[in-house]
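Text of coords.pdb (PDB, C-alpha atoms and all ligand atoms) as supplied:
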```pdb
MODEL        1
ATOM      1  CA  MET A   1     157.543 155.166 258.353  1.00  0.00           C
ATOM      2  CA  LYS A   2     156.218 157.547 260.975  1.00  0.00           C
ATOM      3  CA  LYS A   3     152.477 157.422 261.617  1.00  0.00           C
ATOM      4  CA  ILE A   4     151.027 160.929 261.892  1.00  0.00           C
ATOM      5  CA  VAL A   5     147.429 159.781 262.460  1.00  0.00           C
ATOM      6  CA  GLU A   6     146.368 156.410 263.804  1.00  0.00           C
ATOM      7  CA  CYS A   7     142.717 155.572 264.491  1.00  0.00           C
ATOM      8  CA  ARG A   8     142.207 152.302 266.355  1.00  0.00           C
ATOM      9  CA  ASN A   9     138.678 150.961 266.491  1.00  0.00           C
ATOM     10  CA  ILE A  10     137.077 154.389 266.856  1.00  0.00           C
ATOM     11  CA  TYR A  11     133.363 154.795 267.473  1.00  0.00           C
ATOM     12  CA  LYS A  12     131.481 158.073 267.689  1.00  0.00           C
ATOM     13  CA  ASN A  13     127.865 158.329 268.807  1.00  0.00           C
ATOM     14  CA  TYR A  14     125.759 161.462 268.980  1.00  0.00           C
ATOM     15  CA  TYR A  15     122.742 161.876 271.233  1.00  0.00           C
ATOM     16  CA  GLN A  16     119.416 163.038 269.903  1.00  0.00           C
ATOM     17  CA  GLY A  17     117.544 163.568 273.129  1.00  0.00           C
ATOM     18  CA  LYS A  18     117.989 160.234 274.853  1.00  0.00           C
ATOM     19  CA  LEU A  19     118.511 158.341 271.640  1.00  0.00           C
ATOM     20  CA  GLU A  20     122.100 157.359 270.949  1.00  0.00           C
ATOM     21  CA  VAL A  21     122.886 157.584 267.234  1.00  0.00           C
ATOM     22  CA  PRO A  22     126.013 155.768 266.000  1.00  0.00           C
ATOM     23  CA  VAL A  23     127.873 157.898 263.434  1.00  0.00           C
ATOM     24  CA  LEU A  24     131.361 156.347 263.199  1.00  0.00           C
ATOM     25  CA  LYS A  25     131.765 152.591 263.533  1.00  0.00           C
ATOM     26  CA  SER A  26     135.007 150.733 264.113  1.00  0.00           C
ATOM     27  CA  ILE A  27     137.270 153.149 262.239  1.00  0.00           C
ATOM     28  CA  ASN A  28     140.791 151.814 261.711  1.00  0.00           C
ATOM     29  CA  PHE A  29     142.904 154.161 259.682  1.00  0.00           C
ATOM     30  CA  VAL A  30     146.483 155.366 259.383  1.00  0.00           C
ATOM     31  CA  VAL A  31     148.046 158.408 257.722  1.00  0.00           C
ATOM     32  CA  ASN A  32     151.813 158.094 257.377  1.00  0.00           C
ATOM     33  CA  GLU A  33     154.240 160.962 257.101  1.00  0.00           C
ATOM     34  CA  GLY A  34     154.365 162.113 253.471  1.00  0.00           C
ATOM     35  CA  ASP A  35     150.955 160.671 252.521  1.00  0.00           C
ATOM     36  CA  TYR A  36     148.412 162.501 250.409  1.00  0.00           C
ATOM     37  CA  THR A  37     145.160 160.734 251.253  1.00  0.00           C
ATOM     38  CA  ALA A  38     141.519 161.385 250.416  1.00  0.00           C
ATOM     39  CA  ILE A  39     138.530 160.033 252.299  1.00  0.00           C
ATOM     40  CA  VAL A  40     135.507 160.084 250.025  1.00  0.00           C
ATOM     41  CA  GLY A  41     131.892 159.503 250.967  1.00  0.00           C
ATOM     42  CA  PRO A  42     128.376 160.838 250.451  1.00  0.00           C
ATOM     43  CA  SER A  43     126.806 163.611 252.485  1.00  0.00           C
ATOM     44  CA  GLY A  44     125.958 162.451 255.997  1.00  0.00           C
ATOM     45  CA  SER A  45     128.396 159.528 255.947  1.00  0.00           C
ATOM     46  CA  GLY A  46     130.437 160.908 258.866  1.00  0.00           C
ATOM     47  CA  LYS A  47     133.292 162.689 257.074  1.00  0.00           C
ATOM     48  CA  SER A  48     133.234 165.911 259.073  1.00  0.00           C
ATOM     49  CA  THR A  49     132.715 163.960 262.297  1.00  0.00           C
ATOM     50  CA  LEU A  50     135.889 161.979 261.551  1.00  0.00           C
ATOM     51  CA  MET A  51     137.756 165.133 260.545  1.00  0.00           C
ATOM     52  CA  ASN A  52     136.794 166.836 263.798  1.00  0.00           C
ATOM     53  CA  LEU A  53     138.087 163.857 265.783  1.00  0.00           C
ATOM     54  CA  ILE A  54     141.393 163.690 263.902  1.00  0.00           C
ATOM     55  CA  GLY A  55     141.703 167.472 264.262  1.00  0.00           C
ATOM     56  CA  CYS A  56     141.276 167.156 268.045  1.00  0.00           C
ATOM     57  CA  LEU A  57     138.170 169.372 267.906  1.00  0.00           C
ATOM     58  CA  ASP A  58     135.973 166.615 269.346  1.00  0.00           C
ATOM     59  CA  LYS A  59     136.420 163.337 271.220  1.00  0.00           C
ATOM     60  CA  ALA A  60     135.599 159.780 270.219  1.00  0.00           C
ATOM     61  CA  THR A  61     132.998 157.787 272.165  1.00  0.00           C
ATOM     62  CA  SER A  62     135.436 154.859 272.286  1.00  0.00           C
ATOM     63  CA  GLY A  63     138.620 153.653 270.650  1.00  0.00           C
ATOM     64  CA  SER A  64     142.034 155.178 270.464  1.00  0.00           C
ATOM     65  CA  LEU A  65     143.439 158.084 268.442  1.00  0.00           C
ATOM     66  CA  LEU A  66     147.145 158.795 268.179  1.00  0.00           C
ATOM     67  CA  ILE A  67     148.432 162.022 266.660  1.00  0.00           C
ATOM     68  CA  ASP A  68     152.142 161.975 265.873  1.00  0.00           C
ATOM     69  CA  GLY A  69     152.475 158.958 268.159  1.00  0.00           C
ATOM     70  CA  ARG A  70     150.650 160.469 271.121  1.00  0.00           C
ATOM     71  CA  GLU A  71     147.323 159.174 272.470  1.00  0.00           C
ATOM     72  CA  VAL A  72     145.000 162.182 272.586  1.00  0.00           C
ATOM     73  CA  GLY A  73     141.848 160.619 274.068  1.00  0.00           C
ATOM     74  CA  SER A  74     142.726 161.484 277.650  1.00  0.00           C
ATOM     75  CA  LEU A  75     144.139 164.963 277.076  1.00  0.00           C
ATOM     76  CA  SER A  76     142.620 168.123 278.576  1.00  0.00           C
ATOM     77  CA  GLU A  77     141.081 170.881 276.454  1.00  0.00           C
ATOM     78  CA  ASN A  78     144.268 172.961 276.816  1.00  0.00           C
ATOM     79  CA  GLU A  79     146.503 170.090 275.785  1.00  0.00           C
ATOM     80  CA  LEU A  80     144.274 169.436 272.754  1.00  0.00           C
ATOM     81  CA  ALA A  81     144.479 173.118 271.816  1.00  0.00           C
ATOM     82  CA  ASP A  82     148.291 172.858 271.918  1.00  0.00           C
ATOM     83  CA  ILE A  83     148.223 169.789 269.639  1.00  0.00           C
ATOM     84  CA  ARG A  84     145.983 171.642 267.178  1.00  0.00           C
ATOM     85  CA  LEU A  85     148.266 174.646 267.168  1.00  0.00           C
ATOM     86  CA  GLU A  86     151.537 172.731 266.875  1.00  0.00           C
ATOM     87  CA  LYS A  87     150.655 169.767 264.731  1.00  0.00           C
ATOM     88  CA  ILE A  88     147.566 170.421 262.613  1.00  0.00           C
ATOM     89  CA  GLY A  89     146.708 172.833 259.814  1.00  0.00           C
ATOM     90  CA  PHE A  90     142.990 173.190 259.038  1.00  0.00           C
ATOM     91  CA  VAL A  91     141.329 174.007 255.721  1.00  0.00           C
ATOM     92  CA  PHE A  92     137.538 174.285 255.536  1.00  0.00           C
ATOM     93  CA  GLN A  93     134.974 174.463 252.739  1.00  0.00           C
ATOM     94  CA  ASN A  94     134.013 178.055 253.569  1.00  0.00           C
ATOM     95  CA  PHE A  95     137.611 179.298 254.116  1.00  0.00           C
ATOM     96  CA  GLN A  96     136.951 180.655 257.650  1.00  0.00           C
ATOM     97  CA  LEU A  97     138.914 183.857 257.038  1.00  0.00           C
ATOM     98  CA  LEU A  98     138.393 186.986 259.130  1.00  0.00           C
ATOM     99  CA  GLY A  99     136.729 189.518 256.825  1.00  0.00           C
ATOM    100  CA  GLY A 100     138.218 192.614 258.447  1.00  0.00           C
ATOM    101  CA  GLN A 101     141.811 191.382 258.199  1.00  0.00           C
ATOM    102  CA  THR A 102     144.149 191.240 255.221  1.00  0.00           C
ATOM    103  CA  ALA A 103     145.437 188.007 253.743  1.00  0.00           C
ATOM    104  CA  LEU A 104     148.720 188.533 255.598  1.00  0.00           C
ATOM    105  CA  GLU A 105     146.986 189.172 258.937  1.00  0.00           C
ATOM    106  CA  ASN A 106     144.800 186.095 258.466  1.00  0.00           C
ATOM    107  CA  VAL A 107     147.862 183.922 257.836  1.00  0.00           C
ATOM    108  CA  GLU A 108     149.619 185.402 260.895  1.00  0.00           C
ATOM    109  CA  LEU A 109     146.797 184.414 263.240  1.00  0.00           C
ATOM    110  CA  PRO A 110     148.012 180.940 264.300  1.00  0.00           C
ATOM    111  CA  LEU A 111     151.418 182.461 265.035  1.00  0.00           C
ATOM    112  CA  THR A 112     149.780 185.126 267.191  1.00  0.00           C
ATOM    113  CA  TYR A 113     148.073 182.371 269.203  1.00  0.00           C
ATOM    114  CA  ALA A 114     151.452 180.648 269.483  1.00  0.00           C
ATOM    115  CA  ASN A 115     152.994 183.884 270.878  1.00  0.00           C
ATOM    116  CA  ILE A 116     155.515 184.254 268.061  1.00  0.00           C
ATOM    117  CA  PRO A 117     157.055 187.749 267.996  1.00  0.00           C
ATOM    118  CA  ARG A 118     155.698 190.186 265.423  1.00  0.00           C
ATOM    119  CA  LYS A 119     158.663 190.326 263.062  1.00  0.00           C
ATOM    120  CA  GLU A 120     159.024 186.546 262.833  1.00  0.00           C
ATOM    121  CA  ARG A 121     155.233 186.278 262.411  1.00  0.00           C
ATOM    122  CA  ARG A 122     155.292 188.611 259.472  1.00  0.00           C
ATOM    123  CA  GLU A 123     158.211 186.848 257.795  1.00  0.00           C
ATOM    124  CA  LYS A 124     156.665 183.400 258.196  1.00  0.00           C
ATOM    125  CA  ALA A 125     153.267 184.568 256.941  1.00  0.00           C
ATOM    126  CA  GLN A 126     154.874 186.221 253.907  1.00  0.00           C
ATOM    127  CA  GLN A 127     156.770 183.023 253.186  1.00  0.00           C
ATOM    128  CA  ALA A 128     153.592 180.905 253.486  1.00  0.00           C
ATOM    129  CA  LEU A 129     151.704 183.225 251.123  1.00  0.00           C
ATOM    130  CA  GLY A 130     154.627 182.910 248.714  1.00  0.00           C
ATOM    131  CA  ARG A 131     154.285 179.116 248.802  1.00  0.00           C
ATOM    132  CA  VAL A 132     150.664 179.379 247.632  1.00  0.00           C
ATOM    133  CA  GLY A 133     151.476 181.958 244.945  1.00  0.00           C
ATOM    134  CA  LEU A 134     149.860 184.996 246.592  1.00  0.00           C
ATOM    135  CA  THR A 135     152.836 187.282 247.183  1.00  0.00           C
ATOM    136  CA  ASP A 136     151.043 189.996 245.208  1.00  0.00           C
ATOM    137  CA  ARG A 137     147.807 189.732 247.236  1.00  0.00           C
ATOM    138  CA  MET A 138     149.104 189.945 250.801  1.00  0.00           C
ATOM    139  CA  ASP A 139     147.434 193.250 251.630  1.00  0.00           C
ATOM    140  CA  PHE A 140     144.053 192.341 250.119  1.00  0.00           C
ATOM    141  CA  LEU A 141     140.975 191.747 252.242  1.00  0.00           C
ATOM    142  CA  PRO A 142     139.074 188.465 251.698  1.00  0.00           C
ATOM    143  CA  SER A 143     136.279 190.406 249.955  1.00  0.00           C
ATOM    144  CA  GLN A 144     138.839 191.517 247.365  1.00  0.00           C
ATOM    145  CA  LEU A 145     139.878 187.942 246.551  1.00  0.00           C
ATOM    146  CA  SER A 146     138.305 185.233 244.393  1.00  0.00           C
ATOM    147  CA  GLY A 147     137.102 181.989 245.996  1.00  0.00           C
ATOM    148  CA  GLY A 148     140.191 180.125 244.831  1.00  0.00           C
ATOM    149  CA  GLN A 149     142.472 182.858 246.204  1.00  0.00           C
ATOM    150  CA  LYS A 150     140.629 182.811 249.546  1.00  0.00           C
ATOM    151  CA  GLN A 151     141.187 179.083 249.791  1.00  0.00           C
ATOM    152  CA  ARG A 152     144.880 179.569 249.013  1.00  0.00           C
ATOM    153  CA  VAL A 153     145.080 182.114 251.862  1.00  0.00           C
ATOM    154  CA  ALA A 154     143.452 179.508 254.113  1.00  0.00           C
ATOM    155  CA  ILE A 155     146.017 176.931 252.964  1.00  0.00           C
ATOM    156  CA  ALA A 156     148.841 179.384 253.716  1.00  0.00           C
ATOM    157  CA  ARG A 157     147.365 179.857 257.188  1.00  0.00           C
ATOM    158  CA  ALA A 158     147.241 176.066 257.613  1.00  0.00           C
ATOM    159  CA  LEU A 159     150.928 175.793 256.630  1.00  0.00           C
ATOM    160  CA  VAL A 160     152.340 178.714 258.575  1.00  0.00           C
ATOM    161  CA  ASN A 161     152.961 176.744 261.797  1.00  0.00           C
ATOM    162  CA  ASN A 162     154.732 174.023 259.856  1.00  0.00           C
ATOM    163  CA  PRO A 163     152.167 171.406 260.978  1.00  0.00           C
ATOM    164  CA  ARG A 164     152.646 167.627 260.911  1.00  0.00           C
ATOM    165  CA  ILE A 165     149.482 167.302 258.795  1.00  0.00           C
ATOM    166  CA  VAL A 166     147.085 169.484 256.820  1.00  0.00           C
ATOM    167  CA  LEU A 167     143.417 168.451 257.222  1.00  0.00           C
ATOM    168  CA  ALA A 168     141.058 169.731 254.539  1.00  0.00           C
ATOM    169  CA  ASP A 169     137.273 169.206 254.859  1.00  0.00           C
ATOM    170  CA  GLU A 170     135.612 169.653 251.433  1.00  0.00           C
ATOM    171  CA  PRO A 171     138.261 172.219 250.416  1.00  0.00           C
ATOM    172  CA  THR A 172     136.824 172.507 246.899  1.00  0.00           C
ATOM    173  CA  GLY A 173     133.147 172.408 247.912  1.00  0.00           C
ATOM    174  CA  ALA A 174     132.566 176.154 247.491  1.00  0.00           C
ATOM    175  CA  LEU A 175     134.688 176.543 244.350  1.00  0.00           C
ATOM    176  CA  ASP A 176     134.049 176.266 240.615  1.00  0.00           C
ATOM    177  CA  SER A 177     135.691 173.219 239.043  1.00  0.00           C
ATOM    178  CA  ARG A 178     138.703 175.123 237.705  1.00  0.00           C
ATOM    179  CA  SER A 179     139.560 176.745 241.059  1.00  0.00           C
ATOM    180  CA  GLY A 180     138.911 173.406 242.750  1.00  0.00           C
ATOM    181  CA  ALA A 181     141.396 171.716 240.439  1.00  0.00           C
ATOM    182  CA  GLN A 182     143.947 174.454 241.239  1.00  0.00           C
ATOM    183  CA  VAL A 183     143.535 173.816 244.963  1.00  0.00           C
ATOM    184  CA  MET A 184     144.182 170.112 244.345  1.00  0.00           C
ATOM    185  CA  ASP A 185     147.245 171.032 242.208  1.00  0.00           C
ATOM    186  CA  LEU A 186     148.516 173.052 245.146  1.00  0.00           C
ATOM    187  CA  PHE A 187     148.061 170.155 247.596  1.00  0.00           C
ATOM    188  CA  GLU A 188     149.954 167.955 245.143  1.00  0.00           C
ATOM    189  CA  GLU A 189     152.824 170.457 244.992  1.00  0.00           C
ATOM    190  CA  LEU A 190     152.933 170.841 248.764  1.00  0.00           C
ATOM    191  CA  ASN A 191     152.865 167.059 249.186  1.00  0.00           C
ATOM    192  CA  ALA A 192     155.819 166.783 246.786  1.00  0.00           C
ATOM    193  CA  GLU A 193     157.619 169.237 249.107  1.00  0.00           C
ATOM    194  CA  GLY A 194     156.938 166.861 252.026  1.00  0.00           C
ATOM    195  CA  VAL A 195     153.645 168.131 253.478  1.00  0.00           C
ATOM    196  CA  THR A 196     151.304 165.372 254.703  1.00  0.00           C
ATOM    197  CA  VAL A 197     147.749 166.022 253.465  1.00  0.00           C
ATOM    198  CA  LEU A 198     144.369 164.464 254.335  1.00  0.00           C
ATOM    199  CA  VAL A 199     141.435 165.643 252.204  1.00  0.00           C
ATOM    200  CA  ILE A 200     137.836 164.734 252.924  1.00  0.00           C
ATOM    201  CA  THR A 201     135.354 165.084 250.066  1.00  0.00           C
ATOM    202  CA  HIS A 202     132.074 163.838 248.621  1.00  0.00           C
ATOM    203  CA  ASP A 203     133.516 164.256 245.099  1.00  0.00           C
ATOM    204  CA  GLN A 204     135.043 161.113 243.554  1.00  0.00           C
ATOM    205  CA  GLY A 205     136.850 163.217 240.921  1.00  0.00           C
ATOM    206  CA  ILE A 206     138.555 165.283 243.614  1.00  0.00           C
ATOM    207  CA  ALA A 207     139.403 162.151 245.615  1.00  0.00           C
ATOM    208  CA  ARG A 208     141.051 160.555 242.587  1.00  0.00           C
ATOM    209  CA  ARG A 209     143.634 163.335 242.647  1.00  0.00           C
ATOM    210  CA  ALA A 210     145.089 162.081 245.938  1.00  0.00           C
ATOM    211  CA  LYS A 211     147.767 159.358 246.165  1.00  0.00           C
ATOM    212  CA  ASN A 212     145.740 157.102 248.503  1.00  0.00           C
ATOM    213  CA  ARG A 213     142.019 156.822 248.963  1.00  0.00           C
ATOM    214  CA  ALA A 214     139.583 155.393 251.475  1.00  0.00           C
ATOM    215  CA  GLU A 215     135.818 155.385 251.308  1.00  0.00           C
ATOM    216  CA  ILE A 216     133.385 156.103 254.123  1.00  0.00           C
ATOM    217  CA  ILE A 217     129.820 154.884 253.872  1.00  0.00           C
ATOM    218  CA  ASP A 218     127.361 155.131 256.721  1.00  0.00           C
ATOM    219  CA  GLY A 219     130.169 155.649 259.237  1.00  0.00           C
ATOM    220  CA  GLU A 220     132.267 152.698 258.104  1.00  0.00           C
ATOM    221  CA  LEU A 221     135.615 153.079 256.390  1.00  0.00           C
ATOM    222  CA  GLY A 222     136.870 150.822 253.612  1.00  0.00           C
ATOM    223  CA  ARG A 223     139.774 150.804 251.221  1.00  0.00           C
ATOM    224  CA  LEU A 224     139.097 151.859 247.640  1.00  0.00           C
TER     225      LEU A 224
HETATM  226  P1  LIG A 301     129.407 164.469 256.339  1.00  0.00           P
HETATM  227  O1  LIG A 301     130.471 165.437 256.704  1.00  0.00           O
HETATM  228  O2  LIG A 301     129.922 163.208 255.712  1.00  0.00           O
HETATM  229  O3  LIG A 301     128.327 165.079 255.495  1.00  0.00           O
HETATM  230  P2  LIG A 301     128.777 164.524 259.188  1.00  0.00           P
HETATM  231  O4  LIG A 301     129.962 163.956 259.859  1.00  0.00           O
HETATM  232  O5  LIG A 301     128.602 165.984 259.208  1.00  0.00           O
HETATM  233  O6  LIG A 301     128.695 163.960 257.687  1.00  0.00           O
HETATM  234  O7  LIG A 301     127.464 163.859 259.817  1.00  0.00           O
HETATM  235  C1  LIG A 301     127.294 162.450 259.938  1.00  0.00           C
HETATM  236  C2  LIG A 301     125.989 162.137 260.654  1.00  0.00           C
HETATM  237  O8  LIG A 301     126.064 162.579 262.003  1.00  0.00           O
HETATM  238  C3  LIG A 301     124.768 162.801 260.057  1.00  0.00           C
HETATM  239  O9  LIG A 301     123.715 161.893 260.099  1.00  0.00           O
HETATM  240  C4  LIG A 301     124.518 163.969 260.963  1.00  0.00           C
HETATM  241  O10 LIG A 301     123.165 164.287 261.001  1.00  0.00           O
HETATM  242  C5  LIG A 301     124.995 163.468 262.302  1.00  0.00           C
HETATM  243  N1  LIG A 301     125.524 164.550 263.151  1.00  0.00           N
HETATM  244  C6  LIG A 301     126.589 165.350 262.855  1.00  0.00           C
HETATM  245  N2  LIG A 301     126.830 166.228 263.863  1.00  0.00           N
HETATM  246  C7  LIG A 301     125.900 165.985 264.814  1.00  0.00           C
HETATM  247  C8  LIG A 301     125.610 166.522 266.114  1.00  0.00           C
HETATM  248  N3  LIG A 301     126.371 167.511 266.637  1.00  0.00           N
HETATM  249  N4  LIG A 301     124.568 166.009 266.807  1.00  0.00           N
HETATM  250  C9  LIG A 301     123.835 164.986 266.301  1.00  0.00           C
HETATM  251  N5  LIG A 301     124.040 164.421 265.103  1.00  0.00           N
HETATM  252  C10 LIG A 301     125.058 164.894 264.363  1.00  0.00           C
HETATM  253 MG    MG A 302     130.871 167.389 256.100  1.00  0.00          MG
ENDMDL
END
```
What is this structure when it is put down as structure tokens?
Ligand code: ADP
Ligand code: MG
Amino acid sequence: MKKIVECRNIYKNYYQGKLEVPVLKSINFVVNEGDYTAIVGPSGSGKSTLMNLIGCLDKATSGSLLIDGREVGSLSENELADIRLEKIGFVFQNFQLLGGQTALENVELPLTYANIPRKERREKAQQALGRVGLTDRMDFLPSQLSGGQKQRVAIARALVNNPRIVLADEPTGALDSRSGAQVMDLFEELNAEGVTVLVITHDQGIARRAKNRAEIIDGELGRL
């Protein structure tokens, strides 16, 4: 089975002034193609730090990270940006949509960065919004959408580049429990269609919805 994410003995330290604070300790972790995995842990345990490393938004202090078989630790900022664009779809707690742009325009954004021509952009964004059940909301602004709908727009944006993995950091954290459950239903559906999903959450109930789970406590990862 193809490994999409492989963390080998990863450490991440932050500096507070001159004090070095260890946040991730000896992380060994694999996400295979087709997995639907949750990492669960309390606030401050290092979940977002790990997500930012796997998403190539930050670099480890030591250890090795392979994305789709490629070591990313020594890549330049531009090369990392290409990996993010080509291989990773991001979903965040607070949606991160542009308020002045419609759902369709928000979903088109990654394709704009990837220099995809306008017509193809539009078609792909429409298709992605169809996958998340928002065909009838394409021309709405974020302010005209519910929280659950905003998160579905964000998921469509994450899917539109056909990434190797979707990374979701507390994707239900800003939603009521019903909308949160719908977001997890959607991940389940997408996973059944072949999308590889990694969800990070503090909520055990949300984590139980995934096919595989790992637990992070105080920067250390263990199997559940
Ligand atoms: P979680 O997402 O699980 O709540 P984080 O990964 O955000 O946890 O944070 C883990 C720990 O790292 C916390 O103790 C936090 O204070 C610390 N931390 C996070 N980001 C930084 C930073 N940029 N500088 C210093 N410390 C940080
Ligand atoms: Mg966090």
Item to check | Polymer residues at most 8 Å from stretch 143-151 of chain A, only C-alpha atoms, same-chain spacing of 4 or more positions, as number ranges by chain | outcome: A: 91, 95, 97, 99, 134, 155, 171, 174-175, 179-180, 182-183
Could the residues in this selection be saved with C-alpha atoms as a short mmCIF file (atom, residue, chain, number, x, y, z; two decimals), in the coordinates of the input?
```cif
data_model
loop_
_atom_site.label_atom_id
_atom_site.label_comp_id
_atom_site.auth_asym_id
_atom_site.auth_seq_id
_atom_site.Cartn_x
_atom_site.Cartn_y
_atom_site.Cartn_z
CA VAL A 91 141.33 174.01 255.72
CA PHE A 95 137.61 179.30 254.12
CA LEU A 97 138.91 183.86 257.04
CA GLY A 99 136.73 189.52 256.82
CA LEU A 134 149.86 185.00 246.59
CA ILE A 155 146.02 176.93 252.96
CA PRO A 171 138.26 172.22 250.42
CA ALA A 174 132.57 176.15 247.49
CA LEU A 175 134.69 176.54 244.35
CA SER A 179 139.56 176.74 241.06
CA GLY A 180 138.91 173.41 242.75
CA GLN A 182 143.95 174.45 241.24
CA VAL A 183 143.54 173.82 244.96
#
```
Checklist entry - What is the atom CA of A:Gly133-atom CA of A:Val153 distance in Å, reported with one decimal? => result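 Distance reported for this atom pair: 9.4 Å.
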Item to check | Test item: the PyMOL selection byres (((not hetatm)) within 12 of (chain A and resi 302)) resolved as a VMD selection string | outcome: chain A and resid 39 to 52 92 to 94 168 to 171 173 199 to 203 216
Could you save the residues just selected, with C-alpha atoms, as a PDB file, keeping the file's coordinate frame?
```
ATOM      1  CA  ILE A  39     138.530 160.033 252.299  1.00  0.00           C
ATOM      2  CA  VAL A  40     135.507 160.084 250.025  1.00  0.00           C
ATOM      3  CA  GLY A  41     131.892 159.503 250.967  1.00  0.00           C
ATOM      4  CA  PRO A  42     128.376 160.838 250.451  1.00  0.00           C
ATOM      5  CA  SER A  43     126.806 163.611 252.485  1.00  0.00           C
ATOM      6  CA  GLY A  44     125.958 162.451 255.997  1.00  0.00           C
ATOM      7  CA  SER A  45     128.396 159.528 255.947  1.00  0.00           C
ATOM      8  CA  GLY A  46     130.437 160.908 258.866  1.00  0.00           C
ATOM      9  CA  LYS A  47     133.292 162.689 257.074  1.00  0.00           C
ATOM     10  CA  SER A  48     133.234 165.911 259.073  1.00  0.00           C
ATOM     11  CA  THR A  49     132.715 163.960 262.297  1.00  0.00           C
ATOM     12  CA  LEU A  50     135.889 161.979 261.551  1.00  0.00           C
ATOM     13  CA  MET A  51     137.756 165.133 260.545  1.00  0.00           C
ATOM     14  CA  ASN A  52     136.794 166.836 263.798  1.00  0.00           C
ATOM     15  CA  PHE A  92     137.538 174.285 255.536  1.00  0.00           C
ATOM     16  CA  GLN A  93     134.974 174.463 252.739  1.00  0.00           C
ATOM     17  CA  ASN A  94     134.013 178.055 253.569  1.00  0.00           C
ATOM     18  CA  ALA A 168     141.058 169.731 254.539  1.00  0.00           C
ATOM     19  CA  ASP A 169     137.273 169.206 254.859  1.00  0.00           C
ATOM     20  CA  GLU A 170     135.612 169.653 251.433  1.00  0.00           C
ATOM     21  CA  PRO A 171     138.261 172.219 250.416  1.00  0.00           C
ATOM     22  CA  GLY A 173     133.147 172.408 247.912  1.00  0.00           C
ATOM     23  CA  VAL A 199     141.435 165.643 252.204  1.00  0.00           C
ATOM     24  CA  ILE A 200     137.836 164.734 252.924  1.00  0.00           C
ATOM     25  CA  THR A 201     135.354 165.084 250.066  1.00  0.00           C
ATOM     26  CA  HIS A 202     132.074 163.838 248.621  1.00  0.00           C
ATOM     27  CA  ASP A 203     133.516 164.256 245.099  1.00  0.00           C
ATOM     28  CA  ILE A 216     133.385 156.103 254.123  1.00  0.00           C
TER      29      ILE A 216
END
```
Next on the checklist: Evaluate the PyMOL selection byres (((chain A and resi 163-166) around 6) and not hetatm) against this structure - the residues, as a PyMOL selection string, please.
Outcome noted: chain A and resi 87-90+161-162+167+196-197
Item to check | Neighbour list for A:Glu105 as number ranges by chain, cut-off 12 Å, all atoms listed in the file, skip fewer than 2 positions in-chain | outcome: A: 97-103, 107-112, 118, 121-126, 128-129, 137-142, 153-154, 156-157, 160
